[in-house]
Amino acid sequence: DFVETAIRLALRDEPVPVNPYWALNWREFGIRTLPTYGAVASIKRPEGGHVCFIMGEDATRYYCAGGNQSNKSCVVPIDKSRFTPESFRWPATFPTRAITMPRMSSSDASSRNEA
């Protein structure tokens, strides 16, 4: 609901996926993009998936803003190996542009269970 609410409030004309509560449906959202600041990203996990916004990166992880991450809305590092090219989407109604990915760092362990 975190990503859906943000998209619906910020981009009122942007279509959201059918059943936006199923995280992997966000792989059909907007248009495909490279990892970039603010992109919608989804990852698979044993229980289904997780959807978030990409906020930055370090050498091995993306920093992801999402809801239901440790039962709260926050930014967590997630290993890049959990993402695929299909993971990254950009709103079709918002101009695409190269946005430099901020470099971030954290001593926190990488997220393993986004619930």
# chains A, B, ... in the order shown; residues from 1 in each chain; ligands from 1
>>> select_by_dssp(residues="chain A", states="helix (DSSP H, G or I)", output="PyMOL selection string")
chain A and resi 2-10+23-28+80-82+85-87
>>> closest_atom_pairs(of="range 34-54 of chain A", to="range 96-110 of chain A", cutoff="9 Å", atoms="only C-alpha atoms", output="tab-separated table")
residue	atom	partner	partner_atom	distance
A:Pro35	CA	A:Met101	CA	8.1
A:Thr36	CA	A:Met101	CA	5.7
A:Tyr37	CA	A:Met101	CA	5.2
A:Gly38	CA	A:Ile99	CA	8.5
A:Ile54	CA	A:Met101	CA	8.7
>>> closest_residue(among="A:Glu114, A:Thr93, A:Thr33, A:Val51", to="Asn71 in chain A", atoms="only C-alpha atoms")
A:Glu114
>>> closest_residue(among="A:Arg89, A:Lys72, A:Arg8, A:Arg27", to="Phe53 in chain A", atoms="only C-alpha atoms")
A:Arg89
>>> residues_around(residues="Ala41 in chain A", least_positions_apart="4", cutoff="12 Å", atoms="only C-alpha atoms", output="MDAnalysis selection string")
chainID A and resid 3 23:37 49:55 62:66 78 80 82:91
>>> select_by_dssp(residues="range 2-114 of chain A", states="strand (DSSP E)", output="PyMOL selection string")
chain A and resi 31-32+40-45+48-57+61-69+72-79+88-90
>>> closest_residue(among="A:Glu14, A:Asp1, A:Gly48, A:Ser111", to="Gln69 in chain A", atoms="only C-alpha atoms")
A:Ser111
>>> atom_distance(atom1="CA of Lys44 in chain A", atom2="CA of Tyr21 in chain A")
14.0 Å
>>> closest_residue(among="A:Glu4, A:Asp79, A:Glu57, A:Asp13", to="Val40 in chain A", atoms="only C-alpha atoms")
A:Glu4
